[in-house]
>>> print(open('structure_6.cif').read())   # mmCIF, N, CA and C atoms
data_entry
#
loop_
_atom_site.group_PDB
_atom_site.id
_atom_site.type_symbol
_atom_site.label_atom_id
_atom_site.label_comp_id
_atom_site.auth_asym_id
_atom_site.auth_seq_id
_atom_site.Cartn_x
_atom_site.Cartn_y
_atom_site.Cartn_z
ATOM 1 N N MET A 1 180.245 68.986 194.621
ATOM 2 C CA MET A 1 181.254 68.677 193.639
ATOM 3 C C MET A 1 181.364 67.156 193.470
ATOM 4 N N MET A 2 181.402 66.705 192.209
ATOM 5 C CA MET A 2 181.506 65.263 191.964
ATOM 6 C C MET A 2 182.939 64.799 192.201
ATOM 7 N N PRO A 3 183.090 63.599 192.783
ATOM 8 C CA PRO A 3 184.451 63.087 192.970
ATOM 9 C C PRO A 3 185.079 62.763 191.608
ATOM 10 N N ARG A 4 186.366 63.017 191.500
ATOM 11 C CA ARG A 4 187.072 62.738 190.243
ATOM 12 C C ARG A 4 187.316 61.248 190.102
ATOM 13 N N LYS A 5 187.226 60.789 188.867
ATOM 14 C CA LYS A 5 187.531 59.386 188.612
ATOM 15 C C LYS A 5 189.025 59.161 188.711
ATOM 16 N N LYS A 6 189.390 57.997 189.208
ATOM 17 C CA LYS A 6 190.799 57.632 189.286
ATOM 18 C C LYS A 6 191.333 57.494 187.866
ATOM 19 N N PRO A 7 192.504 58.061 187.578
ATOM 20 C CA PRO A 7 193.035 57.929 186.214
ATOM 21 C C PRO A 7 193.336 56.468 185.887
ATOM 22 N N ARG A 8 193.191 56.130 184.617
ATOM 23 C CA ARG A 8 193.464 54.755 184.195
ATOM 24 C C ARG A 8 194.964 54.487 184.214
ATOM 25 N N SER A 9 195.293 53.259 184.559
ATOM 26 C CA SER A 9 196.699 52.854 184.488
ATOM 27 C C SER A 9 197.043 52.579 183.024
ATOM 28 N N ARG A 10 198.318 52.507 182.742
ATOM 29 C CA ARG A 10 198.774 52.197 181.390
ATOM 30 C C ARG A 10 198.193 50.853 180.925
ATOM 31 N N VAL A 11 198.187 49.879 181.821
ATOM 32 C CA VAL A 11 197.680 48.555 181.471
ATOM 33 C C VAL A 11 196.184 48.615 181.146
ATOM 34 N N GLU A 12 195.431 49.416 181.886
ATOM 35 C CA GLU A 12 194.004 49.567 181.589
ATOM 36 C C GLU A 12 193.807 50.223 180.225
ATOM 37 N N ILE A 13 194.671 51.170 179.880
ATOM 38 C CA ILE A 13 194.573 51.810 178.565
ATOM 39 C C ILE A 13 194.925 50.800 177.475
ATOM 40 N N TYR A 14 195.948 49.969 177.704
ATOM 41 C CA TYR A 14 196.267 48.901 176.744
ATOM 42 C C TYR A 14 195.036 48.022 176.514
ATOM 43 N N ALA A 15 194.372 47.652 177.608
ATOM 44 C CA ALA A 15 193.184 46.794 177.503
ATOM 45 C C ALA A 15 192.096 47.505 176.695
ATOM 46 N N ASP A 16 191.897 48.794 176.956
ATOM 47 C CA ASP A 16 190.886 49.554 176.208
ATOM 48 C C ASP A 16 191.234 49.615 174.719
ATOM 49 N N ILE A 17 192.515 49.803 174.410
ATOM 50 C CA ILE A 17 192.946 49.847 173.011
ATOM 51 C C ILE A 17 192.683 48.502 172.340
ATOM 52 N N MET A 18 193.060 47.421 173.016
ATOM 53 C CA MET A 18 192.865 46.083 172.430
ATOM 54 C C MET A 18 191.385 45.780 172.211
ATOM 55 N N LEU A 19 190.556 46.141 173.178
ATOM 56 C CA LEU A 19 189.119 45.871 173.034
ATOM 57 C C LEU A 19 188.517 46.717 171.911
ATOM 58 N N ALA A 20 188.989 47.956 171.759
ATOM 59 C CA ALA A 20 188.488 48.813 170.673
ATOM 60 C C ALA A 20 188.899 48.241 169.315
ATOM 61 N N ILE A 21 190.145 47.797 169.197
ATOM 62 C CA ILE A 21 190.604 47.198 167.934
ATOM 63 C C ILE A 21 189.817 45.922 167.663
ATOM 64 N N ASP A 22 189.576 45.142 168.708
ATOM 65 C CA ASP A 22 188.802 43.907 168.546
ATOM 66 C C ASP A 22 187.403 44.210 168.022
ATOM 67 N N ARG A 23 186.782 45.261 168.541
ATOM 68 C CA ARG A 23 185.433 45.629 168.076
ATOM 69 C C ARG A 23 185.449 46.063 166.613
ATOM 70 N N MET A 24 186.508 46.790 166.217
ATOM 71 C CA MET A 24 186.577 47.310 164.846
ATOM 72 C C MET A 24 187.145 46.297 163.859
ATOM 73 N N GLY A 25 187.867 45.293 164.346
ATOM 74 C CA GLY A 25 188.505 44.327 163.468
ATOM 75 C C GLY A 25 189.895 44.781 163.088
ATOM 76 N N THR A 26 189.986 45.903 162.442
ATOM 77 C CA THR A 26 191.267 46.535 162.131
ATOM 78 C C THR A 26 191.020 48.029 162.145
ATOM 79 N N CYS A 27 192.064 48.784 162.360
ATOM 80 C CA CYS A 27 191.882 50.228 162.443
ATOM 81 C C CYS A 27 192.909 50.931 161.579
ATOM 82 N N ASP A 28 192.438 51.564 160.518
ATOM 83 C CA ASP A 28 193.364 52.323 159.682
ATOM 84 C C ASP A 28 193.287 53.817 159.995
ATOM 85 N N ARG A 29 192.383 54.211 160.866
ATOM 86 C CA ARG A 29 192.264 55.617 161.266
ATOM 87 C C ARG A 29 192.650 55.731 162.741
ATOM 88 N N LEU A 30 193.912 56.045 162.976
ATOM 89 C CA LEU A 30 194.391 56.102 164.357
ATOM 90 C C LEU A 30 193.747 57.231 165.139
ATOM 91 N N SER A 31 193.361 58.313 164.447
ATOM 92 C CA SER A 31 192.692 59.405 165.163
ATOM 93 C C SER A 31 191.352 58.923 165.727
ATOM 94 N N ARG A 32 190.680 58.056 164.984
ATOM 95 C CA ARG A 32 189.405 57.496 165.450
ATOM 96 C C ARG A 32 189.627 56.588 166.651
ATOM 97 N N LEU A 33 190.675 55.780 166.577
ATOM 98 C CA LEU A 33 191.006 54.893 167.696
ATOM 99 C C LEU A 33 191.340 55.716 168.943
ATOM 100 N N ALA A 34 192.116 56.790 168.767
ATOM 101 C CA ALA A 34 192.471 57.653 169.904
ATOM 102 C C ALA A 34 191.214 58.220 170.552
ATOM 103 N N MET A 35 190.256 58.629 169.719
ATOM 104 C CA MET A 35 189.006 59.184 170.239
ATOM 105 C C MET A 35 188.193 58.109 170.965
ATOM 106 N N MET A 36 188.119 56.909 170.386
ATOM 107 C CA MET A 36 187.363 55.820 171.019
ATOM 108 C C MET A 36 187.942 55.456 172.385
ATOM 109 N N VAL A 37 189.263 55.457 172.479
ATOM 110 C CA VAL A 37 189.925 55.047 173.714
ATOM 111 C C VAL A 37 190.018 56.208 174.704
ATOM 112 N N GLY A 38 189.973 57.436 174.177
ATOM 113 C CA GLY A 38 190.026 58.602 175.045
ATOM 114 C C GLY A 38 191.427 58.987 175.462
ATOM 115 N N VAL A 39 192.378 58.851 174.538
ATOM 116 C CA VAL A 39 193.750 59.299 174.806
ATOM 117 C C VAL A 39 194.195 60.217 173.672
ATOM 118 N N PRO A 40 195.107 61.144 173.965
ATOM 119 C CA PRO A 40 195.630 62.001 172.897
ATOM 120 C C PRO A 40 196.358 61.173 171.836
ATOM 121 N N TYR A 41 196.315 61.661 170.609
ATOM 122 C CA TYR A 41 196.892 60.952 169.466
ATOM 123 C C TYR A 41 198.362 60.594 169.687
ATOM 124 N N ASP A 42 199.167 61.553 170.176
ATOM 125 C CA ASP A 42 200.596 61.278 170.349
ATOM 126 C C ASP A 42 200.836 60.196 171.406
ATOM 127 N N ARG A 43 200.021 60.174 172.443
ATOM 128 C CA ARG A 43 200.172 59.139 173.467
ATOM 129 C C ARG A 43 199.733 57.785 172.914
ATOM 130 N N LEU A 44 198.682 57.771 172.079
ATOM 131 C CA LEU A 44 198.247 56.524 171.449
ATOM 132 C C LEU A 44 199.392 55.919 170.641
ATOM 133 N N LEU A 45 200.111 56.746 169.887
ATOM 134 C CA LEU A 45 201.228 56.241 169.088
ATOM 135 C C LEU A 45 202.278 55.584 169.970
ATOM 136 N N ARG A 46 202.574 56.213 171.104
ATOM 137 C CA ARG A 46 203.559 55.640 172.033
ATOM 138 C C ARG A 46 203.059 54.302 172.583
ATOM 139 N N TYR A 47 201.788 54.255 172.979
ATOM 140 C CA TYR A 47 201.224 53.001 173.498
ATOM 141 C C TYR A 47 201.245 51.905 172.436
ATOM 142 N N LEU A 48 200.893 52.247 171.202
ATOM 143 C CA LEU A 48 200.884 51.244 170.131
ATOM 144 C C LEU A 48 202.283 50.693 169.887
ATOM 145 N N ASN A 49 203.300 51.555 169.943
ATOM 146 C CA ASN A 49 204.674 51.072 169.788
ATOM 147 C C ASN A 49 205.053 50.108 170.904
ATOM 148 N N GLU A 50 204.648 50.424 172.136
ATOM 149 C CA GLU A 50 204.940 49.542 173.265
ATOM 150 C C GLU A 50 204.197 48.217 173.104
ATOM 151 N N MET A 51 202.934 48.286 172.667
ATOM 152 C CA MET A 51 202.141 47.067 172.484
ATOM 153 C C MET A 51 202.691 46.232 171.332
ATOM 154 N N LYS A 52 203.244 46.885 170.333
ATOM 155 C CA LYS A 52 203.870 46.179 169.206
ATOM 156 C C LYS A 52 205.087 45.398 169.706
ATOM 157 N N ARG A 53 205.903 46.043 170.559
ATOM 158 C CA ARG A 53 207.075 45.364 171.129
ATOM 159 C C ARG A 53 206.670 44.159 171.972
ATOM 160 N N LEU A 54 205.523 44.259 172.639
ATOM 161 C CA LEU A 54 205.037 43.144 173.463
ATOM 162 C C LEU A 54 204.393 42.047 172.618
ATOM 163 N N GLY A 55 204.221 42.300 171.323
ATOM 164 C CA GLY A 55 203.648 41.285 170.439
ATOM 165 C C GLY A 55 202.130 41.223 170.477
ATOM 166 N N LEU A 56 201.476 42.296 170.927
ATOM 167 C CA LEU A 56 200.015 42.294 171.043
ATOM 168 C C LEU A 56 199.329 42.820 169.789
ATOM 169 N N VAL A 57 199.983 43.751 169.091
ATOM 170 C CA VAL A 57 199.388 44.336 167.888
ATOM 171 C C VAL A 57 200.404 44.350 166.754
ATOM 172 N N ARG A 58 199.884 44.386 165.536
ATOM 173 C CA ARG A 58 200.695 44.657 164.343
ATOM 174 C C ARG A 58 200.274 46.035 163.875
ATOM 175 N N TRP A 59 201.247 46.801 163.438
ATOM 176 C CA TRP A 59 200.964 48.162 163.004
ATOM 177 C C TRP A 59 201.745 48.385 161.731
ATOM 178 N N GLU A 60 201.027 48.383 160.616
ATOM 179 C CA GLU A 60 201.676 48.495 159.321
ATOM 180 C C GLU A 60 201.133 49.692 158.554
ATOM 181 N N PRO A 61 202.030 50.454 157.927
ATOM 182 C CA PRO A 61 201.568 51.583 157.115
ATOM 183 C C PRO A 61 200.585 51.098 156.044
ATOM 184 N N TYR A 62 199.555 51.853 155.821
ATOM 185 C CA TYR A 62 198.524 51.590 154.808
ATOM 186 C C TYR A 62 197.619 50.404 155.135
ATOM 187 N N HIS A 63 197.929 49.648 156.168
ATOM 188 C CA HIS A 63 197.046 48.544 156.565
ATOM 189 C C HIS A 63 196.458 48.770 157.947
ATOM 190 N N GLY A 64 197.032 49.688 158.693
ATOM 191 C CA GLY A 64 196.493 50.022 160.001
ATOM 192 C C GLY A 64 196.996 49.134 161.117
ATOM 193 N N VAL A 65 196.241 49.141 162.191
ATOM 194 C CA VAL A 65 196.583 48.396 163.400
ATOM 195 C C VAL A 65 195.602 47.261 163.559
ATOM 196 N N TYR A 66 196.122 46.099 163.889
ATOM 197 C CA TYR A 66 195.241 44.976 164.194
ATOM 198 C C TYR A 66 195.900 44.088 165.233
ATOM 199 N N LEU A 67 195.100 43.255 165.875
ATOM 200 C CA LEU A 67 195.610 42.384 166.933
ATOM 201 C C LEU A 67 196.381 41.220 166.328
ATOM 202 N N THR A 68 197.461 40.838 166.995
ATOM 203 C CA THR A 68 198.177 39.622 166.615
ATOM 204 C C THR A 68 197.404 38.430 167.181
ATOM 205 N N SER A 69 197.843 37.222 166.840
ATOM 206 C CA SER A 69 197.166 36.053 167.416
ATOM 207 C C SER A 69 197.366 36.028 168.931
ATOM 208 N N ASP A 70 198.528 36.483 169.422
ATOM 209 C CA ASP A 70 198.733 36.573 170.878
ATOM 210 C C ASP A 70 197.767 37.570 171.494
ATOM 211 N N GLY A 71 197.598 38.721 170.831
ATOM 212 C CA GLY A 71 196.662 39.725 171.322
ATOM 213 C C GLY A 71 195.245 39.182 171.387
ATOM 214 N N MET A 72 194.857 38.446 170.331
ATOM 215 C CA MET A 72 193.516 37.825 170.322
ATOM 216 C C MET A 72 193.389 36.815 171.457
ATOM 217 N N ASP A 73 194.447 36.030 171.694
ATOM 218 C CA ASP A 73 194.418 35.033 172.771
ATOM 219 C C ASP A 73 194.182 35.696 174.130
ATOM 220 N N TYR A 74 194.807 36.847 174.346
ATOM 221 C CA TYR A 74 194.598 37.555 175.619
ATOM 222 C C TYR A 74 193.135 37.958 175.776
ATOM 223 N N ILE A 75 192.516 38.439 174.699
ATOM 224 C CA ILE A 75 191.105 38.835 174.778
ATOM 225 C C ILE A 75 190.218 37.615 174.998
ATOM 226 N N ILE A 76 190.513 36.533 174.292
ATOM 227 C CA ILE A 76 189.722 35.308 174.434
ATOM 228 C C ILE A 76 189.853 34.763 175.856
ATOM 229 N N ASN A 77 191.078 34.708 176.378
ATOM 230 C CA ASN A 77 191.286 34.187 177.736
ATOM 231 C C ASN A 77 190.604 35.049 178.787
ATOM 232 N N ALA A 78 190.511 36.347 178.528
ATOM 233 C CA ALA A 78 189.838 37.253 179.470
ATOM 234 C C ALA A 78 188.333 37.280 179.213
ATOM 235 N N GLN A 79 187.874 36.561 178.184
ATOM 236 C CA GLN A 79 186.459 36.511 177.793
ATOM 237 C C GLN A 79 185.901 37.910 177.564
ATOM 238 N N GLY A 80 186.750 38.788 177.008
ATOM 239 C CA GLY A 80 186.307 40.142 176.702
ATOM 240 C C GLY A 80 186.142 41.036 177.914
ATOM 241 N N ASN A 81 186.519 40.537 179.104
ATOM 242 C CA ASN A 81 186.378 41.310 180.336
ATOM 243 C C ASN A 81 187.586 42.226 180.503
ATOM 244 N N ARG A 82 187.352 43.534 180.534
ATOM 245 C CA ARG A 82 188.438 44.514 180.570
ATOM 246 C C ARG A 82 189.331 44.347 181.793
ATOM 247 N N ASP A 83 188.736 44.148 182.964
ATOM 248 C CA ASP A 83 189.534 44.039 184.191
ATOM 249 C C ASP A 83 190.415 42.794 184.159
ATOM 250 N N ARG A 84 189.857 41.676 183.699
ATOM 251 C CA ARG A 84 190.633 40.444 183.618
ATOM 252 C C ARG A 84 191.741 40.588 182.575
ATOM 253 N N LEU A 85 191.427 41.262 181.471
ATOM 254 C CA LEU A 85 192.422 41.505 180.428
ATOM 255 C C LEU A 85 193.561 42.347 180.993
ATOM 256 N N ALA A 86 193.239 43.376 181.756
ATOM 257 C CA ALA A 86 194.268 44.246 182.346
ATOM 258 C C ALA A 86 195.174 43.460 183.291
ATOM 259 N N ILE A 87 194.603 42.560 184.070
ATOM 260 C CA ILE A 87 195.411 41.736 184.991
ATOM 261 C C ILE A 87 196.367 40.850 184.193
ATOM 262 N N ASN A 88 195.852 40.218 183.128
ATOM 263 C CA ASN A 88 196.693 39.351 182.299
ATOM 264 C C ASN A 88 197.802 40.143 181.608
ATOM 265 N N LEU A 89 197.471 41.343 181.128
ATOM 266 C CA LEU A 89 198.478 42.176 180.473
ATOM 267 C C LEU A 89 199.541 42.636 181.472
ATOM 268 N N ALA A 90 199.130 42.922 182.702
ATOM 269 C CA ALA A 90 200.086 43.353 183.728
ATOM 270 C C ALA A 90 201.131 42.268 183.962
ATOM 271 N N SER A 91 200.699 41.006 183.998
ATOM 272 C CA SER A 91 201.672 39.929 184.212
ATOM 273 C C SER A 91 202.577 39.767 182.987
ATOM 274 N N LEU A 92 202.047 39.981 181.784
ATOM 275 C CA LEU A 92 202.883 39.935 180.578
ATOM 276 C C LEU A 92 203.952 41.016 180.633
ATOM 277 N N ILE A 93 203.539 42.239 180.998
ATOM 278 C CA ILE A 93 204.470 43.370 181.034
ATOM 279 C C ILE A 93 205.541 43.139 182.096
ATOM 280 N N GLN A 94 205.153 42.628 183.263
ATOM 281 C CA GLN A 94 206.147 42.373 184.306
ATOM 282 C C GLN A 94 207.112 41.295 183.863
ATOM 283 N N GLY A 95 206.619 40.286 183.161
ATOM 284 C CA GLY A 95 207.505 39.240 182.644
ATOM 285 C C GLY A 95 208.488 39.784 181.635
ATOM 286 N N SER A 96 208.029 40.708 180.779
ATOM 287 C CA SER A 96 208.924 41.253 179.757
ATOM 288 C C SER A 96 209.936 42.208 180.371
ATOM 289 N N VAL A 97 209.563 42.888 181.447
ATOM 290 C CA VAL A 97 210.511 43.776 182.127
ATOM 291 C C VAL A 97 211.602 42.938 182.776
ATOM 292 N N ARG A 98 211.210 41.822 183.363
ATOM 293 C CA ARG A 98 212.177 40.951 184.039
ATOM 294 C C ARG A 98 213.162 40.343 183.040
ATOM 295 N N THR A 99 212.646 39.907 181.880
ATOM 296 C CA THR A 99 213.521 39.247 180.917
ATOM 297 C C THR A 99 214.455 40.232 180.226
ATOM 298 N N SER A 100 214.041 41.489 180.102
ATOM 299 C CA SER A 100 214.894 42.457 179.410
ATOM 300 C C SER A 100 215.908 43.107 180.357
ATOM 301 N N ALA A 101 215.718 42.947 181.651
ATOM 302 C CA ALA A 101 216.624 43.593 182.610
ATOM 303 C C ALA A 101 217.895 42.774 182.804
#
>>> encode(input="structure_6.cif", output="structure tokens")
Amino acid sequence: MMPRKKPRSRVEIYADIMLAIDRMGTCDRLSRLAMMVGVPYDRLLRYLNEMKRLGLVRWEPYHGVYLTSDGMDYIINAQGNRDRLAINLASLIQGSVRTSA
């Protein structure tokens, strides 16, 4: 029996979503994005709303989802490396939790 892969953390999924959007430029087909990232459509919507609140993506009807300049900066600073991006996003999320509490 093959060992099961460890499930991705929320931050790793955020990183995967950002990298997928970066590859596509913009995404007006959320079902396609959900398939590329490997998450159910309803969960993708929840993640996108959370990422929108963090200022990483813009999500507009009829224009789709695209990275904000902050979102692009995170990818550039991580040099496109998913693990480094996830670490940077984790510190952003912890900072936003602290400031909102």
>>> select_by_dssp(input="structure_6.cif", residues="chain A", states="alpha helix (DSSP H)", output="ChimeraX atom specification")
/A:10-24,30-37,41-53,69-77,82-100
>>> resolve_selection(input="structure_6.cif", expression="the PyMOL selection byres (((chain A and resi 19-31 and name CA) around 10) and name CA)", output="PyMOL selection string")
chain A and resi 13-18+32-37+39-42+44-45+48+57-67+71-72+75+80-82+85
>>> atom_distance(input="structure_6.cif", atom1="atom N of A:Val11", atom2="atom N of A:Ala78")
15.9 Å
>>> closest_residue(input="structure_6.cif", among="A:Leu54, A:Asn49, A:Ser96, A:Ala86", to="A:Arg10", atoms="only N, CA and C atoms")
A:Ala86
>>> atom_distance(input="structure_6.cif", atom1="atom CA of A:Asn77", atom2="atom N of A:Arg46")
25.6 Å
>>> atom_distance(input="structure_6.cif", atom1="atom C of A:Glu50", atom2="atom N of A:Lys5")
26.4 Å
>>> axis_aligned_box(input="structure_6.cif", around="stretch 63-77 of chain A", padding_each_side="4 Å", output="AutoDock Vina command-line options")
--center_x 194.2 --center_y 42.1 --center_z 167.5 --size_x 17.0 --size_y 23.8 --size_z 30.6
>>> closest_residue(input="structure_6.cif", among="A:Ser9, A:Arg84, A:Gln79, A:Leu92", to="A:Tyr47", atoms="only C-alpha atoms")
A:Ser9
>>> select_by_dssp(input="structure_6.cif", residues="stretch 29-97 of chain A", states="strand (DSSP E)", output="list in words")
Val57, Arg58, Trp59, Glu60, Gly64, Val65, Tyr66 and Leu67 of chain A
>>> decode(input="structure_6.cif", residues="stretch 39-59 of chain A", atoms="C-alpha atoms", output="short mmCIF file (atom, residue, chain, number, x, y, z; two decimals), in the first residue's frame")
data_model
loop_
_atom_site.label_atom_id
_atom_site.label_comp_id
_atom_site.auth_asym_id
_atom_site.auth_seq_id
_atom_site.Cartn_x
_atom_site.Cartn_y
_atom_site.Cartn_z
CA VAL A 39 -9.84 21.92 -4.64
CA PRO A 40 -13.64 21.73 -4.79
CA TYR A 41 -15.32 24.76 -6.36
CA ASP A 42 -17.13 25.84 -3.17
CA ARG A 43 -13.90 25.71 -1.15
CA LEU A 44 -12.09 27.71 -3.86
CA LEU A 45 -14.70 30.46 -3.49
CA ARG A 46 -14.10 30.58 0.26
CA TYR A 47 -10.32 30.72 -0.22
CA LEU A 48 -10.62 33.48 -2.83
CA ASN A 49 -12.74 35.56 -0.45
CA GLU A 50 -10.13 35.13 2.29
CA MET A 51 -7.32 36.02 -0.14
CA LYS A 52 -9.29 39.07 -1.28
CA ARG A 53 -9.53 40.26 2.35
CA LEU A 54 -5.76 39.80 2.69
CA GLY A 55 -5.25 41.98 -0.40
CA LEU A 56 -3.65 39.23 -2.51
CA VAL A 57 -6.26 38.95 -5.28
CA ARG A 58 -8.94 41.05 -6.94
CA TRP A 59 -12.12 39.24 -7.82
#
